[in-house]
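First up is the structure itself, then whatever we jot down about it.
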Amino acid sequence: MSVELDDPARRWYEPGVFTVAPGVHRIPLPLPDELRAVNVYAVEGNDGFTLIDSGLVLDAARTQLEAALKDLGGGLGDVRQFLVTHVHRDHYTQAVAVRRDFGARVGLGVGEQPSLAVVSNPASTPYRHQLASLRRNGAEKVADELTAVLPEESVPHSAWEAPDEWLQPGTVVRAGHRGLEAKATPGHTQGHLVYFDRAACLLFGGDHILPHITPSIGLEPVPGESPLGDYLDSLRAVRLLPDARLLPAHGPVIDSSHARIDELLRHHDTRLQLTAEAVVQGAATAYEVSEALRWTGREREFATLPPRHQMMAVIETVWHLALLEVRGVVTSEERNGTIRFAPASTG
């Protein structure tokens with residue numbers, strides 16, 4: 001590999017080291033799923049590197065990270081700190097492995113404490129909360145199909161450990177000559193942080209703002225009370241920051257964080273409207289609403305999605321329905337262990 005200027009015409013997930021700003025380099029690391037890769041950003045300092053996110057604890061990812069840092073004139077031993085945006089395995093677990101071998105410090109948002117406690121517990125099972133939610137929302141079939149493939153997706157509990165620092169929202173972390181403001185952005189996960197370089201107008205956005213896909217909502221071991229409400233509030237809060245170059249975790253760098261935030265807000269407004277319309281038309285459970293909607297940018301029918309994507313679709317629908325209930329658009333009741341929705345009375 002060699003260090004190159006980032007080229008928007010290039011496929012973003014191709015291996016390499018791509019300079020996105022002076023002293024800031026994008027390093028795509030491979031993932032064994034449809035996301036293809038996660039962007040790790042190396043920020044140069046006088047005595048080493050700060051890495052924003054770390055990648056999945058995976059041999060191929062470690063090899064590519066080592067090669068990228070070598071091209072930048074260093075190695076894993078020159079990583080001084082990881083600033084992790086959130087606790088998901090493709091962002092956090094390689095930081096733990098590198099710390100064990102080389103001693104780098106790891107920072108993670110304080111709001112991730114409940115979820116980290118679960119994933120690091122040997123007695124916990126993947127997607128426990130989500131599987132229970134599927135069964136309460138009419139999607140028993142999806143839960144059964146997903147349970148059959150979960151062992152293939154598991155990461156050992158030992159891959160997680162507590163960070164060196166639980167970062168509080170508002171903390172300004174030094175990364176070389178840069179001051180990175182940790183901004184709370186709950187929704188994708190409760191403790192998700194973005195890191196804002198105000199002087200350079202760079203936003204390290206993690207999974208909060210993605211250029212080509214809409215981030216999953218509440219897909220974490222311990223979701224908040226209203227992940228979608230939190231997410232929309234977080235988008236609006238980041239929209240109040242100066243418009244910035246967006247450095248996302250998945251996808252290419254884009255020039256305007258504001259433009260993408262506006263698209264995401266419009267998407268969820270439309271999704272809430274379509275969800276409400278599905279209930280009016282007779283869909284009574286989150287599973288039935290999910291079946292009535294189209295999914296992904298390709299407008300796929302629910303039945304064509306693989307089990308994990310069906311789970312994500314139903315869970316997202318659950319949180320859209322929950323927000324509609326808070327807004328007084330729909331009502332719900334639980335009967336025989338299944339939550340059923342109906343249009344709110346207008347009388």
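Note on naming: chains are A, B, ... as they come in the structure tokens, residues start from 1 per chain, ligands start from 1 in the order shown.
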
* May I have the residues within 7 Å of Pro343 in chain A as a ChimeraX atom specification, using only C-alpha atoms and disregarding those fewer than 4 positions away in the same chain? => /A:279-280,329-331

Please, could you write that set of residues out with N, CA and C atoms as a compact mmCIF listing (two decimals), in the first residue's frame?
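The resulting file, out12.txt, is reproduced below:
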# COMPACT_ATOMS: atom_id res chain seq x y z
N VAL A 279 -50.61 1.11 9.66
CA VAL A 279 -51.51 0.79 10.78
C VAL A 279 -52.95 1.13 10.40
N VAL A 280 -53.15 2.27 9.78
CA VAL A 280 -54.50 2.65 9.34
C VAL A 280 -55.06 1.60 8.38
N VAL A 329 -50.33 9.31 17.69
CA VAL A 329 -50.81 8.89 16.36
C VAL A 329 -51.38 7.48 16.41
N VAL A 330 -50.77 6.60 17.20
CA VAL A 330 -51.24 5.23 17.33
C VAL A 330 -51.36 4.90 18.82
N THR A 331 -52.07 3.84 19.11
CA THR A 331 -52.16 3.29 20.46
C THR A 331 -51.72 1.83 20.43

* To do: Determine which residues of range 116-200 of chain A DSSP labels as helix (DSSP H, G or I) from the backbone of this structure, then write them out as number ranges by chain.
  => A: 116-119, 128-136, 140-153, 157-159

* Asked: Neighbours of Val110 in chain A within 8 Å (only C-alpha atoms; same-chain residues fewer than 2 positions away dropped), as a ChimeraX atom specification?
  -> /A:108,112-113,166-168,191

* To do: May I ask which of the residues A:Ala95, A:Glu316, A:Ala283, A:Leu134 is the closest one to Ala162 in chain A, counting only C-alpha atoms?
  => A:Ala95

* Residue contacts of range 210-212 of chain A (8 Å, only C-alpha atoms) excluding same-chain residues fewer than 6 positions away, as a ChimeraX atom specification -> /A:248-254,260

* Asked: So which residues touch range 137-153 of chain A within 12 Å, counting only C-alpha atoms, skipping near sequence neighbours fewer than 2 positions away, as a PyMOL selection string?
  -> chain A and resi 31-33+89-90+125-135+155-156+283-291+302-303+305-319+321-322+332-341

Resulting file, chosen residues, C-alpha atoms, as a CSV table (one decimal), in the first residue's frame:
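Listing of again-v6.csv after writing:
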chain,number,residue,atom,x,y,z
A,31,LEU,CA,-15.6,-6.8,7.7
A,32,PRO,CA,-17.1,-10.2,7.1
A,33,ASP,CA,-20.5,-8.9,6.2
A,89,ARG,CA,-17.7,-4.9,17.7
A,90,ASP,CA,-16.5,-3.5,14.4
A,125,THR,CA,-26.3,-14.2,24.5
A,126,PRO,CA,-26.3,-12.1,21.4
A,127,TYR,CA,-29.4,-10.0,20.6
A,128,ARG,CA,-31.2,-11.1,23.8
A,129,HIS,CA,-33.2,-7.9,24.0
A,130,GLN,CA,-33.9,-7.9,20.2
A,131,LEU,CA,-35.0,-11.6,20.2
A,132,ALA,CA,-37.5,-10.9,23.0
A,133,SER,CA,-38.8,-7.8,21.2
A,134,LEU,CA,-39.3,-9.8,18.0
A,135,ARG,CA,-41.4,-12.4,19.8
A,155,VAL,CA,-17.5,-12.5,19.0
A,156,PRO,CA,-16.0,-14.0,22.2
A,283,ALA,CA,-51.3,-3.8,10.0
A,284,ALA,CA,-51.6,-4.6,13.7
A,285,THR,CA,-48.1,-5.7,14.8
A,286,ALA,CA,-44.6,-4.4,14.1
A,287,TYR,CA,-44.0,-7.5,12.1
A,288,GLU,CA,-47.1,-6.8,9.9
A,289,VAL,CA,-46.1,-3.2,9.4
A,290,SER,CA,-42.6,-4.3,8.4
A,291,GLU,CA,-44.1,-6.6,5.8
A,302,PHE,CA,-39.5,-7.7,3.6
A,303,ALA,CA,-39.7,-11.4,2.6
A,305,LEU,CA,-34.4,-9.9,3.3
A,306,PRO,CA,-32.1,-12.3,5.1
A,307,PRO,CA,-33.0,-13.1,8.8
A,308,ARG,CA,-30.6,-10.6,10.3
A,309,HIS,CA,-31.9,-7.8,8.1
A,310,GLN,CA,-35.5,-8.8,8.9
A,311,MET,CA,-34.6,-8.5,12.6
A,312,MET,CA,-33.2,-5.0,12.0
A,313,ALA,CA,-36.3,-4.0,10.0
A,314,VAL,CA,-38.7,-5.2,12.7
A,315,ILE,CA,-36.8,-3.5,15.5
A,316,GLU,CA,-36.6,-0.3,13.5
A,317,THR,CA,-40.4,-0.5,13.0
A,318,VAL,CA,-40.9,-1.1,16.7
A,319,TRP,CA,-39.2,2.2,17.5
A,321,LEU,CA,-44.3,2.8,16.3
A,322,ALA,CA,-43.2,3.7,19.8
A,332,SER,CA,-51.0,-0.1,21.6
A,333,GLU,CA,-52.0,-2.9,23.9
A,334,GLU,CA,-50.5,-6.2,24.7
A,335,ARG,CA,-52.7,-9.3,24.3
A,336,ASN,CA,-51.5,-12.9,24.9
A,337,GLY,CA,-47.9,-11.8,24.9
A,338,THR,CA,-48.1,-9.8,21.6
A,339,ILE,CA,-48.2,-6.0,21.2
A,340,ARG,CA,-50.8,-4.8,18.8
A,341,PHE,CA,-51.3,-1.3,17.4

Which residues of range 72-161 of chain A sit at most 8 Å from range 49-67 of chain A, using only C-alpha atoms? Give each one's shortest atom pair and distance in Å (one decimal place), in chain and ascending residue order, as CSV.
residue,atom,partner,partner_atom,distance
A:Gly75,CA,A:Glu66,CA,5.9
A:Leu76,CA,A:Glu66,CA,6.2
A:Asp78,CA,A:Phe49,CA,6.2
A:Val79,CA,A:Phe49,CA,4.7
A:Arg80,CA,A:Phe49,CA,5.7
A:Gln81,CA,A:Thr50,CA,5.0
A:Phe82,CA,A:Leu51,CA,4.8
A:Leu83,CA,A:Ile52,CA,4.9
A:Val84,CA,A:Asp53,CA,4.4
A:Thr85,CA,A:Asp53,CA,6.2
A:Arg89,CA,A:Leu56,CA,5.8
A:Asp90,CA,A:Leu56,CA,4.1
A:His91,CA,A:Gly55,CA,4.8
A:Tyr92,CA,A:Ser54,CA,5.9
A:Thr93,CA,A:Val57,CA,5.3
A:Gln94,CA,A:Val57,CA,4.3
A:Ala95,CA,A:Ser54,CA,5.3
A:Ala97,CA,A:Val57,CA,6.9
A:Ala159,CA,A:Val57,CA,7.5

Could those selected residues go to a file with N, CA and C atoms, as a PDB file, in the first residue's frame?
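The new file part38.pdb reads:
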ATOM      1  N   GLY A  75       3.868   2.096  13.419  1.00  0.00           N
ATOM      2  CA  GLY A  75       3.345   0.749  13.620  1.00  0.00           C
ATOM      3  C   GLY A  75       2.325   0.756  14.734  1.00  0.00           C
ATOM      4  N   LEU A  76       1.835  -0.411  15.098  1.00  0.00           N
ATOM      5  CA  LEU A  76       0.829  -0.493  16.154  1.00  0.00           C
ATOM      6  C   LEU A  76       1.352   0.050  17.475  1.00  0.00           C
ATOM      7  N   ASP A  78       2.967   2.607  17.864  1.00  0.00           N
ATOM      8  CA  ASP A  78       2.921   4.072  17.818  1.00  0.00           C
ATOM      9  C   ASP A  78       1.510   4.621  17.992  1.00  0.00           C
ATOM     10  N   VAL A  79       0.537   3.734  18.186  1.00  0.00           N
ATOM     11  CA  VAL A  79      -0.830   4.194  18.472  1.00  0.00           C
ATOM     12  C   VAL A  79      -0.892   4.590  19.947  1.00  0.00           C
ATOM     13  N   ARG A  80      -1.125   5.853  20.212  1.00  0.00           N
ATOM     14  CA  ARG A  80      -1.159   6.344  21.585  1.00  0.00           C
ATOM     15  C   ARG A  80      -2.545   6.204  22.216  1.00  0.00           C
ATOM     16  N   GLN A  81      -3.580   6.377  21.385  1.00  0.00           N
ATOM     17  CA  GLN A  81      -4.928   6.270  21.931  1.00  0.00           C
ATOM     18  C   GLN A  81      -5.920   5.936  20.823  1.00  0.00           C
ATOM     19  N   PHE A  82      -6.979   5.248  21.237  1.00  0.00           N
ATOM     20  CA  PHE A  82      -8.147   5.020  20.396  1.00  0.00           C
ATOM     21  C   PHE A  82      -9.291   5.862  20.963  1.00  0.00           C
ATOM     22  N   LEU A  83      -9.941   6.606  20.104  1.00  0.00           N
ATOM     23  CA  LEU A  83     -11.186   7.274  20.462  1.00  0.00           C
ATOM     24  C   LEU A  83     -12.287   6.535  19.718  1.00  0.00           C
ATOM     25  N   VAL A  84     -13.047   5.748  20.436  1.00  0.00           N
ATOM     26  CA  VAL A  84     -14.032   4.870  19.819  1.00  0.00           C
ATOM     27  C   VAL A  84     -15.393   5.561  19.843  1.00  0.00           C
ATOM     28  N   THR A  85     -16.088   5.510  18.711  1.00  0.00           N
ATOM     29  CA  THR A  85     -17.384   6.203  18.634  1.00  0.00           C
ATOM     30  C   THR A  85     -18.482   5.454  19.380  1.00  0.00           C
ATOM     31  N   ARG A  89     -18.961  -4.148  17.806  1.00  0.00           N
ATOM     32  CA  ARG A  89     -17.734  -4.940  17.675  1.00  0.00           C
ATOM     33  C   ARG A  89     -16.808  -4.457  16.580  1.00  0.00           C
ATOM     34  N   ASP A  90     -17.358  -3.911  15.478  1.00  0.00           N
ATOM     35  CA  ASP A  90     -16.513  -3.480  14.372  1.00  0.00           C
ATOM     36  C   ASP A  90     -15.838  -2.144  14.647  1.00  0.00           C
ATOM     37  N   HIS A  91     -16.157  -1.533  15.777  1.00  0.00           N
ATOM     38  CA  HIS A  91     -15.540  -0.261  16.149  1.00  0.00           C
ATOM     39  C   HIS A  91     -14.628  -0.401  17.371  1.00  0.00           C
ATOM     40  N   TYR A  92     -14.947  -1.351  18.253  1.00  0.00           N
ATOM     41  CA  TYR A  92     -14.296  -1.382  19.568  1.00  0.00           C
ATOM     42  C   TYR A  92     -13.295  -2.512  19.761  1.00  0.00           C
ATOM     43  N   THR A  93     -13.559  -3.689  19.234  1.00  0.00           N
ATOM     44  CA  THR A  93     -12.841  -4.871  19.726  1.00  0.00           C
ATOM     45  C   THR A  93     -11.369  -4.905  19.327  1.00  0.00           C
ATOM     46  N   GLN A  94     -11.004  -4.356  18.178  1.00  0.00           N
ATOM     47  CA  GLN A  94      -9.580  -4.364  17.838  1.00  0.00           C
ATOM     48  C   GLN A  94      -8.785  -3.412  18.728  1.00  0.00           C
ATOM     49  N   ALA A  95      -9.426  -2.354  19.226  1.00  0.00           N
ATOM     50  CA  ALA A  95      -8.750  -1.466  20.165  1.00  0.00           C
ATOM     51  C   ALA A  95      -8.328  -2.222  21.416  1.00  0.00           C
ATOM     52  N   ALA A  97      -7.681  -5.447  21.636  1.00  0.00           N
ATOM     53  CA  ALA A  97      -6.590  -6.362  21.295  1.00  0.00           C
ATOM     54  C   ALA A  97      -5.263  -5.623  21.157  1.00  0.00           C
ATOM     55  N   ALA A 159     -13.379 -10.523  24.001  1.00  0.00           N
ATOM     56  CA  ALA A 159     -12.953  -9.469  23.071  1.00  0.00           C
ATOM     57  C   ALA A 159     -13.262  -8.080  23.619  1.00  0.00           C
TER      58      ALA A 159
END

* Quick one, how far is CA of Val20 in chain A from CA of Ala244 in chain A? ->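 The value is 12.8 Å.
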
* Write down as a PyMOL selection string the residues of range 153-333 of chain A whose backbone DSSP state falls under strand (DSSP E or B). => chain A and resi 165-167+172-175+178-184+193-197+202-206+245-248+254+294-295+300-301+330-333

* To do: Determine, counting only C-alpha atoms, which protein, DNA and RNA residues have an atom within 10 Å of an atom of Ile213 in chain A; residues of the same chain fewer than 4 positions away are not included. Present the result as a list in words.
  => Leu35, Asp207, Ile209, His250, Gly251, Leu264, Thr296 and Gly297 of chain A

Keeping only C-alpha atoms, write the selected residues as an mmCIF file, in the first residue's frame.
data_model
loop_
_atom_site.group_PDB
_atom_site.id
_atom_site.type_symbol
_atom_site.label_atom_id
_atom_site.label_comp_id
_atom_site.auth_asym_id
_atom_site.auth_seq_id
_atom_site.Cartn_x
_atom_site.Cartn_y
_atom_site.Cartn_z
ATOM 1 C CA LEU A 35 -20.915 -3.484 5.243
ATOM 2 C CA ASP A 207 -22.285 5.380 12.634
ATOM 3 C CA ILE A 209 -24.362 9.892 10.031
ATOM 4 C CA HIS A 250 -18.925 3.240 6.608
ATOM 5 C CA GLY A 251 -18.874 4.877 3.194
ATOM 6 C CA LEU A 264 -31.812 11.502 7.178
ATOM 7 C CA THR A 296 -33.107 -0.565 1.702
ATOM 8 C CA GLY A 297 -32.392 1.860 -1.113
#

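Of the residues listed (A:Arg236, A:His267, A:Lys70, A:His88), A:His267 shows the shortest atom-to-atom separation from Thr214 in chain A; distances use only C-alpha atoms.
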
* To do: Find the residue from A:Glu277, A:Glu34, A:Asp71, A:Glu165 that sits nearest to Arg105 in chain A; use only C-alpha atoms when measuring.
  =>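 Checking each candidate against Arg105 in chain A, we get A:Glu165 as the closest.
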
* Of the listed residues A:Val3, A:Leu241, A:Val24, A:Leu203, that which approaches Gly45 in chain A most closely, counting only C-alpha atoms ->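 Answer, going by the shortest atom-to-atom distance: A:Val24.
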
* Asked: CA of Ser345 in chain A to CA of Pro227 in chain A: how many Å, to one decimal?
  ->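 Computed distance, CA of Ser345 in chain A to CA of Pro227 in chain A, equals 25.5 Å.
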
* **Among listed residues A:Pro221, A:Ala344, A:Val119, A:Cys201, nearest Asp255 in chain A (using only C-alpha atoms)** =>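 Distance minimum relative to Asp255 in chain A lands on A:Cys201.
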
* Contacts of Phe196 in chain A at 7 Å or less, counting only C-alpha atoms, minus same-chain residues fewer than 4 places along, as a list in words? -> Leu180, Glu181, Ala182, Leu202, Leu203 and Phe204 of chain A

Store the residues of this selection in a file with N, CA and C atoms, as a short mmCIF file (atom, residue, chain, number, x, y, z; two decimals), in the first residue's frame.
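Saved the output as part18.cif:
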data_model
loop_
_atom_site.label_atom_id
_atom_site.label_comp_id
_atom_site.auth_asym_id
_atom_site.auth_seq_id
_atom_site.Cartn_x
_atom_site.Cartn_y
_atom_site.Cartn_z
N LEU A 180 -10.41 17.59 19.72
CA LEU A 180 -11.60 16.90 19.24
C LEU A 180 -12.67 16.93 20.33
N GLU A 181 -13.80 17.56 20.00
CA GLU A 181 -14.91 17.68 20.95
C GLU A 181 -15.77 16.42 20.87
N ALA A 182 -15.94 15.75 21.99
CA ALA A 182 -16.80 14.57 22.05
C ALA A 182 -18.25 15.02 22.23
N LEU A 202 -13.99 19.30 10.65
CA LEU A 202 -14.03 17.87 10.36
C LEU A 202 -14.91 17.19 11.40
N LEU A 203 -15.82 16.34 10.94
CA LEU A 203 -16.69 15.61 11.86
C LEU A 203 -16.44 14.12 11.69
N PHE A 204 -15.84 13.50 12.71
CA PHE A 204 -15.66 12.05 12.74
C PHE A 204 -16.99 11.47 13.22
#

* For CA of Thr185 in chain A and CA of Leu293 in chain A, quote the distance in Å rounded to one decimal. =>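 Spanning CA of Thr185 in chain A to CA of Leu293 in chain A is a straight-line distance of 27.1 Å.
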